[in-house]
Every structure is written in structure tokens, then in C-alpha cells.
Amino acid sequence: MKIEDSIAVVTGANRGLGKAFVNSLLEAGAAKVYACARDPLQIAGGDRIVPIRLDITSAEQVNAAARGCSDADLLFNNAGILRDCSVLGDGAEDALRAELEVNVFGTLRMLRAFAPVLARQGGGALVNILSVVSWISSPILATYAVTKSAAWSVTNGLRDALRPQGTLVVGAHFGFVDTDLTAGIDRPKLAAADVAAAILDGVAAGQEEVVFGEFTQQVKAGVATGLYLGARR
């Protein structure tokens, strides 16, 4: 998928990794970027940036975005939320419901609405922002990990479903990124710009999966060989 001259849609574009995607796309020569956020006033528009109001939990707003971004050939499903809650903690059910609504059902709404848009542009590409916790979990990310595992499964199923229309479906996995989302987590973190650049490189190379960062690569290899799964039996 060629990034130069592409027309991209980025959800959650007002900060963090979403903002890094917008900047990386512009640096790579994208013709236009639809930068989507619940409050588009937080996004500075420009010659190639078009702020779009979008809450992916709203079917009405998602469908309106698909109509308004009808020339897009590249989609980044980046919007997501994290509730710091263990599966046995108070409020675990509410946390999981909230995360599922955004991270899984919101992403699914976007996929269903934009798949026909990409088809009309010859296929294009879409990127689902996943995580290393698609494969492993931890006490502080237990409910979040459930949603990313589900989103990974959705991505894998979607890849086969959209192959006939020529759409490249990319699943992007990585560890903690230095953004507002992880501000309360005391762990080593990746720079958002580095993650965004690596994912764009993967899209340009036609990769169906981008696994960024040494730890994430180790986890992926461990899952493939059964090492991480075996440790939990």
C-alpha cells in the first residue's frame, strides 16, 4: 500500500498515538488526513488535515464519517480506552463493558462502515491497533487484554473477508506507548512517533502483521512455540 498521495482516516487523532499517525502520514506524503476525535476542536486543521467529529460508539457518527470520508483508501482504527481494573476488582464488569464498547464494538462499526469505502477505492488498507496483550495478560490490564484479544480475532476474520476486494488488513501489536492512555503505568514505554513510523513502514511493505518492540516480538515468538501458554497451565 502506497502511503504517498493516500487519503487516510485516523480515529483518536487528537493526541497520543493517533496524533503521531497524523504527523507520520503527512511526513510520508499523504494527500489528506481525516483526523477524527470526539472533540474535533482539539485538532488543528490545515491544508492536508481535515478534523472530523467522531465517537466510534455512535453508529450515527460512524456512518456519517464514512459518507464524509468517501474518498479514503487508508483507515487507522486507533481509538481505544483503558480502564485500570483487575478481573476480580470492584467495577470489573463496568470496566469491561466500557472497553468492549470502544475497543471491539466501536472498531467493528468502523470496519463495517468503511469496508465499502475502501472497496470503491480499489481495496486500500486498514490498520487495527492491537497490543502485546492480545496474547498475554497482566493484573493491571486484565479487562483491557480481553478486548484486545477479541479485536485480534476480529482482525484475523476480517482479513479473509476483505481479501476478495483487495483490502490489506494489518494487525499492529506493541507494548506500552508513552501517551496519556498509559500515564499511570510505571513501565518502560515506546515513543509514539517510533511506533507510528514502524506501522506505516509495515503498511507500505504490505505486511499483514506488524510486531514492534523487542518484548512484543519475544512474546509473539513465545506464543507461537507454546512457551507463554504453557506457563499458565
# chains A, B, ... in the order shown; residues from 1 in each chain; ligands from 1
$ residues_around --residues "stretch 57-72 of chain A" --least-positions-apart "6" --cutoff "10 Å" --atoms "only C-alpha atoms" --output "mmCIF file with C-alpha atoms, in the first residue's frame"
data_model
loop_
_atom_site.group_PDB
_atom_site.id
_atom_site.type_symbol
_atom_site.label_atom_id
_atom_site.label_comp_id
_atom_site.auth_asym_id
_atom_site.auth_seq_id
_atom_site.Cartn_x
_atom_site.Cartn_y
_atom_site.Cartn_z
ATOM 1 C CA SER A 6 -3.018 8.317 0.028
ATOM 2 C CA ILE A 7 -6.115 9.667 1.765
ATOM 3 C CA ALA A 8 -6.211 8.410 5.334
ATOM 4 C CA VAL A 9 -8.686 8.281 8.206
ATOM 5 C CA LYS A 32 -5.083 14.250 3.009
ATOM 6 C CA VAL A 33 -5.718 13.002 6.541
ATOM 7 C CA TYR A 34 -9.153 12.928 8.112
ATOM 8 C CA CYS A 36 -11.151 12.067 13.877
ATOM 9 C CA ARG A 38 -14.888 13.203 19.819
ATOM 10 C CA VAL A 50 -9.483 17.662 7.963
ATOM 11 C CA ALA A 98 -16.903 0.215 28.574
ATOM 12 C CA GLU A 101 -17.910 -0.895 23.556
ATOM 13 C CA VAL A 102 -14.982 1.160 22.258
ATOM 14 C CA ASN A 103 -12.172 -1.308 21.600
ATOM 15 C CA VAL A 104 -14.255 -4.056 19.994
ATOM 16 C CA PHE A 105 -17.740 -2.899 19.010
ATOM 17 C CA GLY A 106 -16.606 0.606 18.052
ATOM 18 C CA THR A 107 -13.829 -0.840 15.919
ATOM 19 C CA LEU A 108 -16.307 -3.264 14.349
ATOM 20 C CA ARG A 109 -18.632 -0.377 13.478
ATOM 21 C CA MET A 110 -15.777 1.368 11.734
ATOM 22 C CA LEU A 111 -14.828 -1.755 9.807
ATOM 23 C CA ARG A 112 -18.372 -2.370 8.615
ATOM 24 C CA ALA A 113 -18.887 1.260 7.598
ATOM 25 C CA PHE A 114 -15.545 1.765 5.851
ATOM 26 C CA ALA A 115 -15.069 -1.595 4.097
ATOM 27 C CA PRO A 116 -17.299 -0.448 1.182
ATOM 28 C CA VAL A 117 -15.436 2.898 1.076
ATOM 29 C CA LEU A 118 -12.105 1.095 0.683
ATOM 30 C CA ALA A 119 -13.583 -1.258 -1.907
ATOM 31 C CA ARG A 120 -14.639 1.692 -4.069
ATOM 32 C CA GLN A 121 -11.051 2.976 -3.921
ATOM 33 C CA GLY A 124 -6.721 0.182 0.056
ATOM 34 C CA ALA A 125 -5.655 -0.833 3.544
#
$ closest_atom_pairs --of "stretch 188-230 of chain A" --to "stretch 12-25 of chain A" --cutoff "6 Å" --atoms "only C-alpha atoms" --output "Markdown table"
| residue | atom | partner | partner_atom | distance |
| --- | --- | --- | --- | --- |
| A:Ala192 | CA | A:Leu17 | CA | 5.2 |
| A:Ala193 | CA | A:Ala20 | CA | 5.3 |
| A:Ala196 | CA | A:Phe21 | CA | 5.3 |
$ atom_distance --atom1 "atom CA of A:Arg53" --atom2 "atom CA of A:Leu158"
25.6 Å
$ atom_distance --atom1 "atom CA of A:Glu209" --atom2 "atom CA of A:Ser134"
12.7 Å
$ closest_residue --among "A:Gly171, A:Gly123, A:Pro188, A:Gly91" --to "A:Gly202" --atoms "only C-alpha atoms"
A:Gly171
$ atom_distance --atom1 "atom CA of A:Asp5" --atom2 "atom CA of A:Gly29"
5.9 Å
$ residues_around --residues "A:Ala204" --least-positions-apart "3" --cutoff "7 Å" --atoms "only C-alpha atoms" --output "list in words"
Met1, Lys2, Ile3, Leu200 and Asp201 of chain A
$ write_last_selection --atoms "N, CA and C atoms" --output "compact mmCIF listing (two decimals), in the first residue's frame"
# COMPACT_ATOMS: atom_id res chain seq x y z
N MET A 1 0.85 -1.20 0.00
CA MET A 1 0.00 0.00 0.00
C MET A 1 0.88 1.24 0.00
N LYS A 2 0.67 2.10 -0.96
CA LYS A 2 1.46 3.32 -1.09
C LYS A 2 0.93 4.39 -0.14
N ILE A 3 1.82 4.92 0.71
CA ILE A 3 1.41 5.97 1.65
C ILE A 3 1.37 7.33 0.95
N LEU A 200 3.53 2.40 9.70
CA LEU A 200 3.43 2.90 8.32
C LEU A 200 4.38 2.15 7.40
N ASP A 201 5.58 1.84 7.90
CA ASP A 201 6.52 1.05 7.10
C ASP A 201 5.94 -0.32 6.78
$ closest_residue --among "A:Ala224, A:Val219, A:Val146, A:Leu75" --to "A:Val203" --atoms "only C-alpha atoms"
A:Leu75
$ decode --residues "stretch 117-153 of chain A" --atoms "N, CA and C atoms" --output "compact mmCIF listing (two decimals), in the first residue's frame"
# COMPACT_ATOMS: atom_id res chain seq x y z
N VAL A 117 -16.18 1.71 1.51
CA VAL A 117 -15.44 2.90 1.08
C VAL A 117 -14.10 2.47 0.47
N LEU A 118 -13.39 1.57 1.18
CA LEU A 118 -12.10 1.10 0.68
C LEU A 118 -12.27 0.30 -0.61
N ALA A 119 -13.34 -0.47 -0.69
CA ALA A 119 -13.58 -1.26 -1.91
C ALA A 119 -13.73 -0.35 -3.12
N ARG A 120 -14.43 0.77 -2.95
CA ARG A 120 -14.64 1.69 -4.07
C ARG A 120 -13.34 2.37 -4.50
N GLN A 121 -12.34 2.38 -3.60
CA GLN A 121 -11.05 2.98 -3.92
C GLN A 121 -10.05 1.92 -4.39
N GLY A 122 -10.53 0.75 -4.70
CA GLY A 122 -9.65 -0.30 -5.21
C GLY A 122 -9.11 -1.24 -4.17
N GLY A 123 -9.55 -1.11 -2.93
CA GLY A 123 -9.12 -2.02 -1.86
C GLY A 123 -8.47 -1.30 -0.70
N GLY A 124 -7.39 -0.58 -0.99
CA GLY A 124 -6.72 0.18 0.06
C GLY A 124 -6.22 -0.70 1.19
N ALA A 125 -6.15 -0.10 2.37
CA ALA A 125 -5.66 -0.83 3.54
C ALA A 125 -6.30 -0.31 4.81
N LEU A 126 -6.39 -1.14 5.80
CA LEU A 126 -6.85 -0.72 7.12
C LEU A 126 -5.94 -1.33 8.18
N VAL A 127 -5.75 -0.58 9.24
CA VAL A 127 -4.88 -0.99 10.34
C VAL A 127 -5.68 -1.01 11.62
N ASN A 128 -5.71 -2.14 12.29
CA ASN A 128 -6.31 -2.24 13.61
C ASN A 128 -5.20 -2.18 14.65
N ILE A 129 -5.30 -1.21 15.56
CA ILE A 129 -4.30 -1.05 16.60
C ILE A 129 -4.62 -2.02 17.72
N LEU A 130 -3.75 -3.01 17.87
CA LEU A 130 -3.93 -4.06 18.87
C LEU A 130 -2.92 -3.85 19.99
N SER A 131 -2.28 -4.90 20.47
CA SER A 131 -1.37 -4.75 21.60
C SER A 131 -0.69 -6.07 21.88
N VAL A 132 0.41 -6.02 22.63
CA VAL A 132 1.03 -7.25 23.09
C VAL A 132 0.07 -8.04 23.98
N VAL A 133 -0.88 -7.33 24.63
CA VAL A 133 -1.83 -8.04 25.49
C VAL A 133 -2.95 -8.69 24.68
N SER A 134 -2.84 -8.66 23.36
CA SER A 134 -3.69 -9.55 22.56
C SER A 134 -3.34 -10.99 22.85
N TRP A 135 -2.10 -11.25 23.32
CA TRP A 135 -1.59 -12.60 23.51
C TRP A 135 -1.35 -12.96 24.96
N ILE A 136 -1.07 -11.97 25.81
CA ILE A 136 -0.84 -12.23 27.23
C ILE A 136 -1.64 -11.23 28.04
N SER A 137 -1.75 -11.47 29.34
CA SER A 137 -2.49 -10.56 30.20
C SER A 137 -1.63 -10.20 31.40
N SER A 138 -2.14 -9.27 32.20
CA SER A 138 -1.48 -8.89 33.44
C SER A 138 -2.55 -8.34 34.38
N PRO A 139 -2.30 -8.35 35.68
CA PRO A 139 -3.33 -7.88 36.63
C PRO A 139 -3.82 -6.46 36.35
N ILE A 140 -2.93 -5.56 35.93
CA ILE A 140 -3.34 -4.16 35.74
C ILE A 140 -4.03 -3.93 34.40
N LEU A 141 -3.96 -4.92 33.50
CA LEU A 141 -4.57 -4.76 32.17
C LEU A 141 -5.53 -5.90 31.85
N ALA A 142 -6.08 -6.51 32.88
CA ALA A 142 -6.84 -7.75 32.66
C ALA A 142 -8.05 -7.55 31.75
N THR A 143 -8.88 -6.55 32.03
CA THR A 143 -10.06 -6.36 31.19
C THR A 143 -9.67 -5.80 29.83
N TYR A 144 -8.69 -4.93 29.79
CA TYR A 144 -8.20 -4.39 28.52
C TYR A 144 -7.69 -5.51 27.62
N ALA A 145 -6.99 -6.47 28.21
CA ALA A 145 -6.45 -7.60 27.45
C ALA A 145 -7.57 -8.42 26.82
N VAL A 146 -8.67 -8.57 27.52
CA VAL A 146 -9.83 -9.28 26.95
C VAL A 146 -10.26 -8.61 25.65
N THR A 147 -10.33 -7.28 25.67
CA THR A 147 -10.82 -6.57 24.49
C THR A 147 -9.82 -6.63 23.34
N LYS A 148 -8.53 -6.59 23.64
CA LYS A 148 -7.54 -6.64 22.57
C LYS A 148 -7.43 -8.05 21.99
N SER A 149 -7.64 -9.07 22.80
CA SER A 149 -7.70 -10.43 22.27
C SER A 149 -8.88 -10.58 21.31
N ALA A 150 -10.01 -10.01 21.71
CA ALA A 150 -11.19 -10.06 20.85
C ALA A 150 -10.96 -9.28 19.55
N ALA A 151 -10.34 -8.12 19.66
CA ALA A 151 -10.07 -7.31 18.47
C ALA A 151 -9.08 -8.01 17.54
N TRP A 152 -8.13 -8.74 18.10
CA TRP A 152 -7.20 -9.53 17.27
C TRP A 152 -7.96 -10.59 16.48
N SER A 153 -8.90 -11.26 17.15
CA SER A 153 -9.69 -12.27 16.47
C SER A 153 -10.55 -11.65 15.37
